[in-house]
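Data file: data_12.tsv. Format and content: TSV, N, CA and C atoms.
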chain	number	residue	atom	x	y	z
A	1	MET	N	-8.08	19.09	-42.36
A	1	MET	CA	-7.80	17.84	-41.69
A	1	MET	C	-7.72	16.76	-42.76
A	2	GLY	N	-6.72	15.90	-42.65
A	2	GLY	CA	-6.54	14.83	-43.62
A	2	GLY	C	-7.50	13.68	-43.40
A	3	ALA	N	-7.60	12.82	-44.42
A	3	ALA	CA	-8.50	11.67	-44.36
A	3	ALA	C	-8.11	10.71	-43.24
A	4	PHE	N	-6.81	10.56	-43.00
A	4	PHE	CA	-6.34	9.65	-41.95
A	4	PHE	C	-6.90	10.04	-40.59
A	5	LEU	N	-6.75	11.30	-40.23
A	5	LEU	CA	-7.25	11.77	-38.93
A	5	LEU	C	-8.78	11.80	-38.90
A	6	GLN	N	-9.40	12.14	-40.01
A	6	GLN	CA	-10.86	12.13	-40.07
A	6	GLN	C	-11.42	10.72	-39.85
A	7	HIS	N	-10.77	9.72	-40.45
A	7	HIS	CA	-11.18	8.33	-40.23
A	7	HIS	C	-11.05	7.96	-38.75
A	8	ALA	N	-9.94	8.39	-38.11
A	8	ALA	CA	-9.72	8.09	-36.70
A	8	ALA	C	-10.84	8.69	-35.84
A	9	GLU	N	-11.23	9.93	-36.15
A	9	GLU	CA	-12.31	10.57	-35.39
A	9	GLU	C	-13.64	9.87	-35.62
A	10	ASP	N	-13.91	9.48	-36.86
A	10	ASP	CA	-15.16	8.76	-37.16
A	10	ASP	C	-15.20	7.42	-36.43
A	11	ILE	N	-14.07	6.73	-36.40
A	11	ILE	CA	-13.99	5.44	-35.70
A	11	ILE	C	-14.21	5.66	-34.20
A	12	LEU	N	-13.60	6.70	-33.64
A	12	LEU	CA	-13.78	7.00	-32.22
A	12	LEU	C	-15.25	7.27	-31.91
A	13	ASP	N	-15.91	8.07	-32.74
A	13	ASP	CA	-17.32	8.38	-32.52
A	13	ASP	C	-18.18	7.11	-32.55
A	14	THR	N	-17.91	6.24	-33.51
A	14	THR	CA	-18.68	5.00	-33.64
A	14	THR	C	-18.42	4.07	-32.47
A	15	ALA	N	-17.15	3.90	-32.11
A	15	ALA	CA	-16.79	3.00	-31.01
A	15	ALA	C	-17.35	3.50	-29.69
A	16	PHE	N	-17.43	4.80	-29.52
A	16	PHE	CA	-17.93	5.39	-28.28
A	16	PHE	C	-19.40	5.07	-28.05
A	17	GLN	N	-20.14	4.83	-29.13
A	17	GLN	CA	-21.56	4.51	-29.03
A	17	GLN	C	-21.81	3.08	-28.54
A	18	GLY	N	-20.80	2.20	-28.67
A	18	GLY	CA	-20.95	0.81	-28.26
A	18	GLY	C	-21.03	0.65	-26.76
A	19	GLU	N	-21.31	-0.57	-26.33
A	19	GLU	CA	-21.48	-0.82	-24.91
A	19	GLU	C	-20.53	-1.86	-24.34
A	20	SER	N	-20.03	-2.76	-25.17
A	20	SER	CA	-19.20	-3.84	-24.64
A	20	SER	C	-17.72	-3.51	-24.79
A	21	ASP	N	-16.92	-4.03	-23.87
A	21	ASP	CA	-15.48	-3.86	-23.97
A	21	ASP	C	-15.00	-4.66	-25.17
A	22	GLN	N	-14.12	-4.05	-25.97
A	22	GLN	CA	-13.64	-4.72	-27.16
A	22	GLN	C	-12.27	-4.19	-27.53
A	23	GLU	N	-11.56	-4.94	-28.35
A	23	GLU	CA	-10.26	-4.53	-28.85
A	23	GLU	C	-10.12	-5.10	-30.26
A	24	VAL	N	-10.15	-4.24	-31.25
A	24	VAL	CA	-10.09	-4.67	-32.65
A	24	VAL	C	-9.13	-3.79	-33.44
A	25	LEU	N	-8.69	-4.32	-34.57
A	25	LEU	CA	-7.94	-3.54	-35.54
A	25	LEU	C	-8.85	-3.28	-36.73
A	26	ILE	N	-8.83	-2.06	-37.22
A	26	ILE	CA	-9.54	-1.73	-38.44
A	26	ILE	C	-8.48	-1.41	-39.48
A	27	LEU	N	-8.49	-2.17	-40.57
A	27	LEU	CA	-7.50	-2.03	-41.63
A	27	LEU	C	-8.16	-1.40	-42.85
A	28	ILE	N	-7.54	-0.36	-43.39
A	28	ILE	CA	-8.03	0.29	-44.60
A	28	ILE	C	-7.02	-0.04	-45.71
A	29	ASP	N	-7.51	-0.68	-46.80
A	29	ASP	CA	-6.58	-1.02	-47.87
A	29	ASP	C	-6.42	0.15	-48.83
A	30	ARG	N	-5.55	-0.01	-49.80
A	30	ARG	CA	-5.21	1.08	-50.72
A	30	ARG	C	-6.37	1.51	-51.62
A	31	LEU	N	-7.41	0.67	-51.74
A	31	LEU	CA	-8.58	1.02	-52.54
A	31	LEU	C	-9.72	1.57	-51.68
A	32	GLY	N	-9.48	1.68	-50.37
A	32	GLY	CA	-10.49	2.23	-49.46
A	32	GLY	C	-11.35	1.18	-48.79
A	33	GLY	N	-11.10	-0.09	-49.08
A	33	GLY	CA	-11.85	-1.17	-48.42
A	33	GLY	C	-11.47	-1.27	-46.95
A	34	MET	N	-12.40	-1.76	-46.15
A	34	MET	CA	-12.19	-1.85	-44.72
A	34	MET	C	-12.31	-3.30	-44.26
A	35	ARG	N	-11.47	-3.67	-43.30
A	35	ARG	CA	-11.48	-5.01	-42.73
A	35	ARG	C	-11.26	-4.89	-41.23
A	36	MET	N	-11.99	-5.68	-40.45
A	36	MET	CA	-11.81	-5.69	-39.00
A	36	MET	C	-11.28	-7.04	-38.58
A	37	VAL	N	-10.26	-7.04	-37.71
A	37	VAL	CA	-9.67	-8.27	-37.19
A	37	VAL	C	-9.44	-8.11	-35.70
A	38	ASP	N	-9.33	-9.25	-35.01
A	38	ASP	CA	-9.02	-9.25	-33.58
A	38	ASP	C	-7.63	-8.64	-33.38
A	39	ALA	N	-7.48	-7.75	-32.43
A	39	ALA	CA	-6.23	-7.03	-32.21
A	39	ALA	C	-5.19	-7.85	-31.45
A	40	ALA	N	-5.59	-8.96	-30.87
A	40	ALA	CA	-4.68	-9.73	-30.02
A	40	ALA	C	-3.42	-10.13	-30.79
A	41	GLY	N	-2.27	-9.74	-30.26
A	41	GLY	CA	-0.98	-10.14	-30.81
A	41	GLY	C	-0.47	-9.30	-31.97
A	42	TRP	N	-1.19	-8.27	-32.36
A	42	TRP	CA	-0.78	-7.45	-33.50
A	42	TRP	C	-0.29	-6.07	-33.06
A	43	SER	N	0.82	-5.63	-33.63
A	43	SER	CA	1.21	-4.23	-33.53
A	43	SER	C	0.64	-3.55	-34.78
A	44	LEU	N	0.57	-2.24	-34.77
A	44	LEU	CA	0.03	-1.53	-35.93
A	44	LEU	C	0.89	-1.76	-37.17
A	45	ALA	N	2.20	-1.66	-37.02
A	45	ALA	CA	3.11	-1.83	-38.16
A	45	ALA	C	3.05	-3.25	-38.71
A	46	ALA	N	2.99	-4.24	-37.83
A	46	ALA	CA	2.94	-5.64	-38.28
A	46	ALA	C	1.64	-5.92	-39.04
A	47	ALA	N	0.52	-5.39	-38.54
A	47	ALA	CA	-0.76	-5.61	-39.22
A	47	ALA	C	-0.78	-4.92	-40.58
A	48	ALA	N	-0.22	-3.70	-40.66
A	48	ALA	CA	-0.17	-2.98	-41.93
A	48	ALA	C	0.66	-3.77	-42.95
A	49	ALA	N	1.80	-4.31	-42.52
A	49	ALA	CA	2.65	-5.08	-43.42
A	49	ALA	C	1.99	-6.39	-43.83
A	50	GLU	N	1.42	-7.10	-42.89
A	50	GLU	CA	0.82	-8.41	-43.16
A	50	GLU	C	-0.39	-8.32	-44.10
A	51	PHE	N	-1.23	-7.33	-43.89
A	51	PHE	CA	-2.46	-7.22	-44.67
A	51	PHE	C	-2.36	-6.22	-45.83
A	52	GLY	N	-1.22	-5.55	-45.96
A	52	GLY	CA	-1.05	-4.57	-47.03
A	52	GLY	C	-1.94	-3.36	-46.88
A	53	ALA	N	-2.19	-2.97	-45.65
A	53	ALA	CA	-3.10	-1.85	-45.37
A	53	ALA	C	-2.39	-0.52	-45.52
A	54	SER	N	-3.13	0.46	-46.02
A	54	SER	CA	-2.57	1.81	-46.10
A	54	SER	C	-2.74	2.54	-44.76
A	55	ALA	N	-3.72	2.10	-43.96
A	55	ALA	CA	-3.94	2.67	-42.62
A	55	ALA	C	-4.47	1.58	-41.70
A	56	VAL	N	-4.04	1.63	-40.44
A	56	VAL	CA	-4.48	0.68	-39.43
A	56	VAL	C	-4.89	1.46	-38.20
A	57	TYR	N	-6.04	1.10	-37.62
A	57	TYR	CA	-6.53	1.74	-36.40
A	57	TYR	C	-6.77	0.67	-35.35
A	58	HIS	N	-6.18	0.86	-34.19
A	58	HIS	CA	-6.36	-0.05	-33.05
A	58	HIS	C	-7.41	0.58	-32.15
A	59	VAL	N	-8.54	-0.10	-32.00
A	59	VAL	CA	-9.66	0.43	-31.22
A	59	VAL	C	-9.76	-0.35	-29.91
A	60	GLN	N	-9.70	0.36	-28.81
A	60	GLN	CA	-9.84	-0.25	-27.48
A	60	GLN	C	-10.99	0.42	-26.76
A	61	ARG	N	-11.90	-0.39	-26.29
A	61	ARG	CA	-13.02	0.13	-25.49
A	61	ARG	C	-12.98	-0.60	-24.16
A	62	ARG	N	-12.79	0.17	-23.08
A	62	ARG	CA	-12.74	-0.40	-21.74
A	62	ARG	C	-13.50	0.50	-20.79
A	63	GLY	N	-14.54	-0.05	-20.21
A	63	GLY	CA	-15.31	0.70	-19.21
A	63	GLY	C	-15.84	2.01	-19.76
A	64	ASP	N	-15.35	3.11	-19.21
A	64	ASP	CA	-15.87	4.42	-19.57
A	64	ASP	C	-15.04	5.14	-20.63
A	65	SER	N	-14.05	4.46	-21.23
A	65	SER	CA	-13.21	5.15	-22.21
A	65	SER	C	-13.03	4.35	-23.49
A	66	VAL	N	-12.80	5.09	-24.55
A	66	VAL	CA	-12.52	4.52	-25.87
A	66	VAL	C	-11.23	5.17	-26.36
A	67	ARG	N	-10.37	4.34	-26.92
A	67	ARG	CA	-9.08	4.83	-27.41
A	67	ARG	C	-8.88	4.31	-28.83
A	68	VAL	N	-8.45	5.20	-29.73
A	68	VAL	CA	-8.15	4.83	-31.10
A	68	VAL	C	-6.73	5.28	-31.40
A	69	GLU	N	-5.88	4.32	-31.76
A	69	GLU	CA	-4.50	4.61	-32.16
A	69	GLU	C	-4.38	4.26	-33.63
A	70	GLY	N	-3.84	5.17	-34.42
A	70	GLY	CA	-3.77	4.95	-35.85
A	70	GLY	C	-2.37	5.07	-36.41
A	71	LEU	N	-2.14	4.38	-37.54
A	71	LEU	CA	-0.86	4.42	-38.24
A	71	LEU	C	-1.14	4.39	-39.74
A	72	SER	N	-0.52	5.34	-40.45
A	72	SER	CA	-0.62	5.38	-41.91
A	72	SER	C	0.69	5.92	-42.44
A	73	GLY	N	1.56	5.03	-42.90
A	73	GLY	CA	2.89	5.46	-43.35
A	73	GLY	C	3.65	6.10	-42.22
A	74	ALA	N	4.02	7.38	-42.40
A	74	ALA	CA	4.77	8.11	-41.37
A	74	ALA	C	3.85	8.84	-40.39
A	75	GLU	N	2.55	8.79	-40.62
A	75	GLU	CA	1.60	9.48	-39.73
A	75	GLU	C	1.13	8.55	-38.62
A	76	ARG	N	1.00	9.10	-37.43
A	76	ARG	CA	0.45	8.39	-36.27
A	76	ARG	C	-0.53	9.31	-35.56
A	77	CYS	N	-1.51	8.71	-34.90
A	77	CYS	CA	-2.42	9.52	-34.09
A	77	CYS	C	-2.89	8.67	-32.91
A	78	LEU	N	-3.32	9.35	-31.88
A	78	LEU	CA	-3.91	8.71	-30.71
A	78	LEU	C	-5.04	9.61	-30.22
A	79	LEU	N	-6.25	9.08	-30.26
A	79	LEU	CA	-7.43	9.80	-29.79
A	79	LEU	C	-8.06	9.01	-28.66
A	80	GLN	N	-8.53	9.70	-27.64
A	80	GLN	CA	-9.16	9.03	-26.51
A	80	GLN	C	-10.32	9.87	-26.01
A	81	ARG	N	-11.38	9.20	-25.62
A	81	ARG	CA	-12.55	9.89	-25.09
A	81	ARG	C	-13.08	9.10	-23.90
A	82	ARG	N	-13.48	9.84	-22.87
A	82	ARG	CA	-14.09	9.23	-21.69
A	82	ARG	C	-15.51	9.74	-21.57
A	83	ASN	N	-16.38	8.91	-21.03
A	83	ASN	CA	-17.77	9.29	-20.83
A	83	ASN	C	-17.87	10.07	-19.52
A	84	PRO	N	-18.13	11.39	-19.59
A	84	PRO	CA	-18.16	12.18	-18.35
A	84	PRO	C	-19.25	11.74	-17.39
A	85	ALA	N	-20.33	11.15	-17.87
A	85	ALA	CA	-21.38	10.69	-16.97
A	85	ALA	C	-20.87	9.56	-16.09
A	86	LYS	N	-19.93	8.78	-16.59
A	86	LYS	CA	-19.37	7.69	-15.80
A	86	LYS	C	-18.14	8.15	-15.03
A	87	VAL	N	-17.48	9.18	-15.50
A	87	VAL	CA	-16.25	9.64	-14.86
A	87	VAL	C	-16.54	10.47	-13.62
A	88	TRP	N	-17.50	11.39	-13.72
A	88	TRP	CA	-17.79	12.29	-12.61
A	88	TRP	C	-19.07	11.90	-11.91
A	89	GLY	N	-19.10	12.10	-10.62
A	89	GLY	CA	-20.34	11.91	-9.87
A	89	GLY	C	-20.39	10.59	-9.13
A	90	PHE	N	-21.52	9.95	-9.22
A	90	PHE	CA	-21.76	8.75	-8.44
A	90	PHE	C	-20.78	7.65	-8.79
A	91	GLY	N	-20.29	6.98	-7.77
A	91	GLY	CA	-19.35	5.89	-7.96
A	91	GLY	C	-17.90	6.30	-7.87
A	92	MET	N	-17.60	7.60	-7.82
A	92	MET	CA	-16.23	8.06	-7.68
A	92	MET	C	-15.82	7.92	-6.21
A	93	PRO	N	-14.53	7.84	-5.94
A	93	PRO	CA	-14.10	7.76	-4.55
A	93	PRO	C	-14.69	8.89	-3.72
A	94	GLY	N	-15.26	8.54	-2.59
A	94	GLY	CA	-15.86	9.52	-1.71
A	94	GLY	C	-17.29	9.90	-2.07
A	95	MET	N	-17.79	9.35	-3.17
A	95	MET	CA	-19.15	9.62	-3.61
A	95	MET	C	-19.97	8.35	-3.48
A	96	PRO	N	-21.27	8.46	-3.29
A	96	PRO	CA	-22.10	7.25	-3.20
A	96	PRO	C	-22.09	6.51	-4.54
A	97	ALA	N	-22.32	5.20	-4.50
A	97	ALA	CA	-22.30	4.38	-5.70
A	97	ALA	C	-23.52	4.64	-6.58
A	98	SER	N	-24.59	5.14	-6.01
A	98	SER	CA	-25.79	5.43	-6.80
A	98	SER	C	-26.44	6.69	-6.26
A	99	ARG	N	-27.40	7.17	-7.00
A	99	ARG	CA	-28.11	8.39	-6.62
A	99	ARG	C	-28.89	8.13	-5.32
A	100	PRO	N	-28.73	8.98	-4.29
A	100	PRO	CA	-29.46	8.77	-3.04
A	100	PRO	C	-30.97	8.93	-3.25
A	101	ARG	N	-31.72	8.14	-2.51
A	101	ARG	CA	-33.18	8.23	-2.57
A	101	ARG	C	-33.65	9.35	-1.66
A	102	PRO	N	-34.73	10.03	-2.01
A	102	PRO	CA	-35.23	11.08	-1.12
A	102	PRO	C	-35.71	10.47	0.19
A	103	VAL	N	-35.49	11.18	1.28
A	103	VAL	CA	-35.90	10.71	2.60
A	103	VAL	C	-37.38	10.98	2.77
A	104	GLN	N	-38.12	9.97	3.17
A	104	GLN	CA	-39.55	10.12	3.41
A	104	GLN	C	-39.74	10.46	4.89
A	105	SER	N	-40.45	11.52	5.15
A	105	SER	CA	-40.71	11.92	6.52
A	105	SER	C	-41.79	11.02	7.11
A	106	ALA	N	-41.56	10.59	8.35
A	106	ALA	CA	-42.55	9.77	9.05
A	106	ALA	C	-43.60	10.64	9.73
A	107	LEU	N	-43.41	11.95	9.71
A	107	LEU	CA	-44.35	12.85	10.36
A	107	LEU	C	-45.41	13.33	9.37
A	108	LEU	N	-46.59	13.56	9.88
A	108	LEU	CA	-47.63	14.17	9.07
A	108	LEU	C	-47.33	15.66	8.93
A	109	PRO	N	-47.80	16.31	7.90
A	109	PRO	CA	-47.49	17.74	7.72
A	109	PRO	C	-47.84	18.59	8.94
A	110	ALA	N	-48.95	18.33	9.61
A	110	ALA	CA	-49.33	19.13	10.78
A	110	ALA	C	-48.33	18.92	11.92
A	111	GLN	N	-47.86	17.68	12.10
A	111	GLN	CA	-46.89	17.40	13.17
A	111	GLN	C	-45.55	18.06	12.86
A	112	ALA	N	-45.17	18.08	11.63
A	112	ALA	CA	-43.89	18.66	11.25
A	112	ALA	C	-43.86	20.15	11.56
A	113	MET	N	-44.99	20.80	11.49
A	113	MET	CA	-45.04	22.23	11.72
A	113	MET	C	-45.00	22.56	13.21
A	114	THR	N	-45.34	21.62	14.09
A	114	THR	CA	-45.39	21.93	15.52
A	114	THR	C	-44.10	21.57	16.23
A	115	LEU	N	-43.13	21.02	15.55
A	115	LEU	CA	-41.86	20.69	16.19
A	115	LEU	C	-41.08	21.97	16.47
A	116	HIS	N	-40.44	21.99	17.64
A	116	HIS	CA	-39.64	23.15	18.01
A	116	HIS	C	-38.24	22.68	18.33
A	117	THR	N	-37.27	23.51	18.02
A	117	THR	CA	-35.89	23.20	18.35
A	117	THR	C	-35.60	23.79	19.72
A	118	PRO	N	-35.17	22.94	20.67
A	118	PRO	CA	-34.88	23.48	22.01
A	118	PRO	C	-33.71	24.45	21.96
A	119	VAL	N	-33.81	25.48	22.76
A	119	VAL	CA	-32.77	26.50	22.82
A	119	VAL	C	-32.20	26.51	24.22
A	120	LEU	N	-30.92	26.48	24.33
A	120	LEU	CA	-30.23	26.49	25.62
A	120	LEU	C	-29.79	27.92	25.90
A	121	VAL	N	-30.23	28.45	27.02
A	121	VAL	CA	-29.86	29.81	27.39
A	121	VAL	C	-28.93	29.72	28.59
A	122	LEU	N	-27.79	30.31	28.48
A	122	LEU	CA	-26.83	30.33	29.57
A	122	LEU	C	-26.90	31.69	30.27
A	123	ALA	N	-27.03	31.65	31.59
A	123	ALA	CA	-27.13	32.93	32.32
A	123	ALA	C	-25.87	33.18	33.09
Any chance you could put this one into structure tokens?
Amino acid sequence: MGAFLQHAEDILDTAFQGESDQEVLILIDRLGGMRMVDAAGWSLAAAAAEFGASAVYHVQRRGDSVRVEGLSGAERCLLQRRNPAKVWGFGMPGMPASRPRPVQSALLPAQAMTLHTPVLVLA
């Protein structure tokens, strides 16, 4: 795996650990230095040209997903990861918004044992 893709994966791993929604560009210069700038209004190619970057990564974090799009010369990549704990389960359509609480029985243990289910017999 090349350094360009390895950097993209490292950036994805780091961004995934964060908590707030954000959108930034990470610029890598020809000497390996790194710079972060606000992504608003920048395309990858324009940022690379303006800052003289050898690689540019656009990092987007929204809700339960993180996306990293990268550009380095003729190479491009797009990596995306979603948090399965937020994607599946509670809060999904048709699922409760939170974990249900256990139901507390109003009956004492002795009373619960003496309950009988009525049976209907048809003759």
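Among the candidates A:Gln6, A:Asp29, A:Val37, A:Leu12, the one nearest to Leu79 (chain A) when counting only N, CA and C atoms is A:Leu12.
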Inset, instruction - Between CA of Val56 (chain A) and CA of Gly2 (chain A), measure the distance and give it in Å to one decimal. - result: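 Taking CA of Val56 (chain A) and CA of Gly2 (chain A), their separation equals 14.9 Å.
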Legend entry - Separation of atom N of Asn83 (chain A) from atom C of Ala47 (chain A) in Å: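 Computing the Euclidean distance for atom C of Ala47 (chain A) and atom N of Asn83 (chain A) yields 28.6 Å.
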Legend entry - Between atom C of Leu5 (chain A) and CA of Gly63 (chain A) - distance in Å to one decimal: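 CA of Gly63 (chain A) sits 23.5 Å away from atom C of Leu5 (chain A).
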Which of region 13-58 of chain A DSSP labels strand (DSSP E or B), written as a short mmCIF file (atom, residue, chain, number, x, y, z; two decimals) with N, CA and C atoms, in the frame of the given file:
data_model
loop_
_atom_site.label_atom_id
_atom_site.label_comp_id
_atom_site.auth_asym_id
_atom_site.auth_seq_id
_atom_site.Cartn_x
_atom_site.Cartn_y
_atom_site.Cartn_z
N GLN A 22 -14.12 -4.05 -25.97
CA GLN A 22 -13.64 -4.72 -27.16
C GLN A 22 -12.27 -4.19 -27.53
N GLU A 23 -11.56 -4.94 -28.35
CA GLU A 23 -10.26 -4.53 -28.85
C GLU A 23 -10.12 -5.10 -30.26
N VAL A 24 -10.15 -4.24 -31.25
CA VAL A 24 -10.09 -4.67 -32.65
C VAL A 24 -9.13 -3.79 -33.44
N LEU A 25 -8.69 -4.32 -34.57
CA LEU A 25 -7.94 -3.54 -35.54
C LEU A 25 -8.85 -3.28 -36.73
N ILE A 26 -8.83 -2.06 -37.22
CA ILE A 26 -9.54 -1.73 -38.44
C ILE A 26 -8.48 -1.41 -39.48
N LEU A 27 -8.49 -2.17 -40.57
CA LEU A 27 -7.50 -2.03 -41.63
C LEU A 27 -8.16 -1.40 -42.85
N ILE A 28 -7.54 -0.36 -43.39
CA ILE A 28 -8.03 0.29 -44.60
C ILE A 28 -7.02 -0.04 -45.71
N ASP A 29 -7.51 -0.68 -46.80
CA ASP A 29 -6.58 -1.02 -47.87
C ASP A 29 -6.42 0.15 -48.83
N MET A 34 -12.40 -1.76 -46.15
CA MET A 34 -12.19 -1.85 -44.72
C MET A 34 -12.31 -3.30 -44.26
N ARG A 35 -11.47 -3.67 -43.30
CA ARG A 35 -11.48 -5.01 -42.73
C ARG A 35 -11.26 -4.89 -41.23
N MET A 36 -11.99 -5.68 -40.45
CA MET A 36 -11.81 -5.69 -39.00
C MET A 36 -11.28 -7.04 -38.58
N VAL A 37 -10.26 -7.04 -37.71
CA VAL A 37 -9.67 -8.27 -37.19
C VAL A 37 -9.44 -8.11 -35.70
N ASP A 38 -9.33 -9.25 -35.01
CA ASP A 38 -9.02 -9.25 -33.58
C ASP A 38 -7.63 -8.64 -33.38
N ALA A 53 -2.19 -2.97 -45.65
CA ALA A 53 -3.10 -1.85 -45.37
C ALA A 53 -2.39 -0.52 -45.52
N SER A 54 -3.13 0.46 -46.02
CA SER A 54 -2.57 1.81 -46.10
C SER A 54 -2.74 2.54 -44.76
N ALA A 55 -3.72 2.10 -43.96
CA ALA A 55 -3.94 2.67 -42.62
C ALA A 55 -4.47 1.58 -41.70
N VAL A 56 -4.04 1.63 -40.44
CA VAL A 56 -4.48 0.68 -39.43
C VAL A 56 -4.89 1.46 -38.20
N TYR A 57 -6.04 1.10 -37.62
CA TYR A 57 -6.53 1.74 -36.40
C TYR A 57 -6.77 0.67 -35.35
N HIS A 58 -6.18 0.86 -34.19
CA HIS A 58 -6.36 -0.05 -33.05
C HIS A 58 -7.41 0.58 -32.15
#
Please report, as lines of an AutoDock Vina configuration file, the centre and edge lengths in Å to one decimal of an axis-aligned box covering all listed atoms of region 41-59 of chain A with 4 Å per side.
center_x = -3.3
center_y = -3.7
center_z = -38.5
size_x = 20.9
size_y = 20.8
size_z = 25.1
Legend entry - Nearest residue to Ile28 (chain A) from the set A:Ala8, A:Val68, A:Ala40, A:Ala53 (distances using only C-alpha atoms): A:Ala53
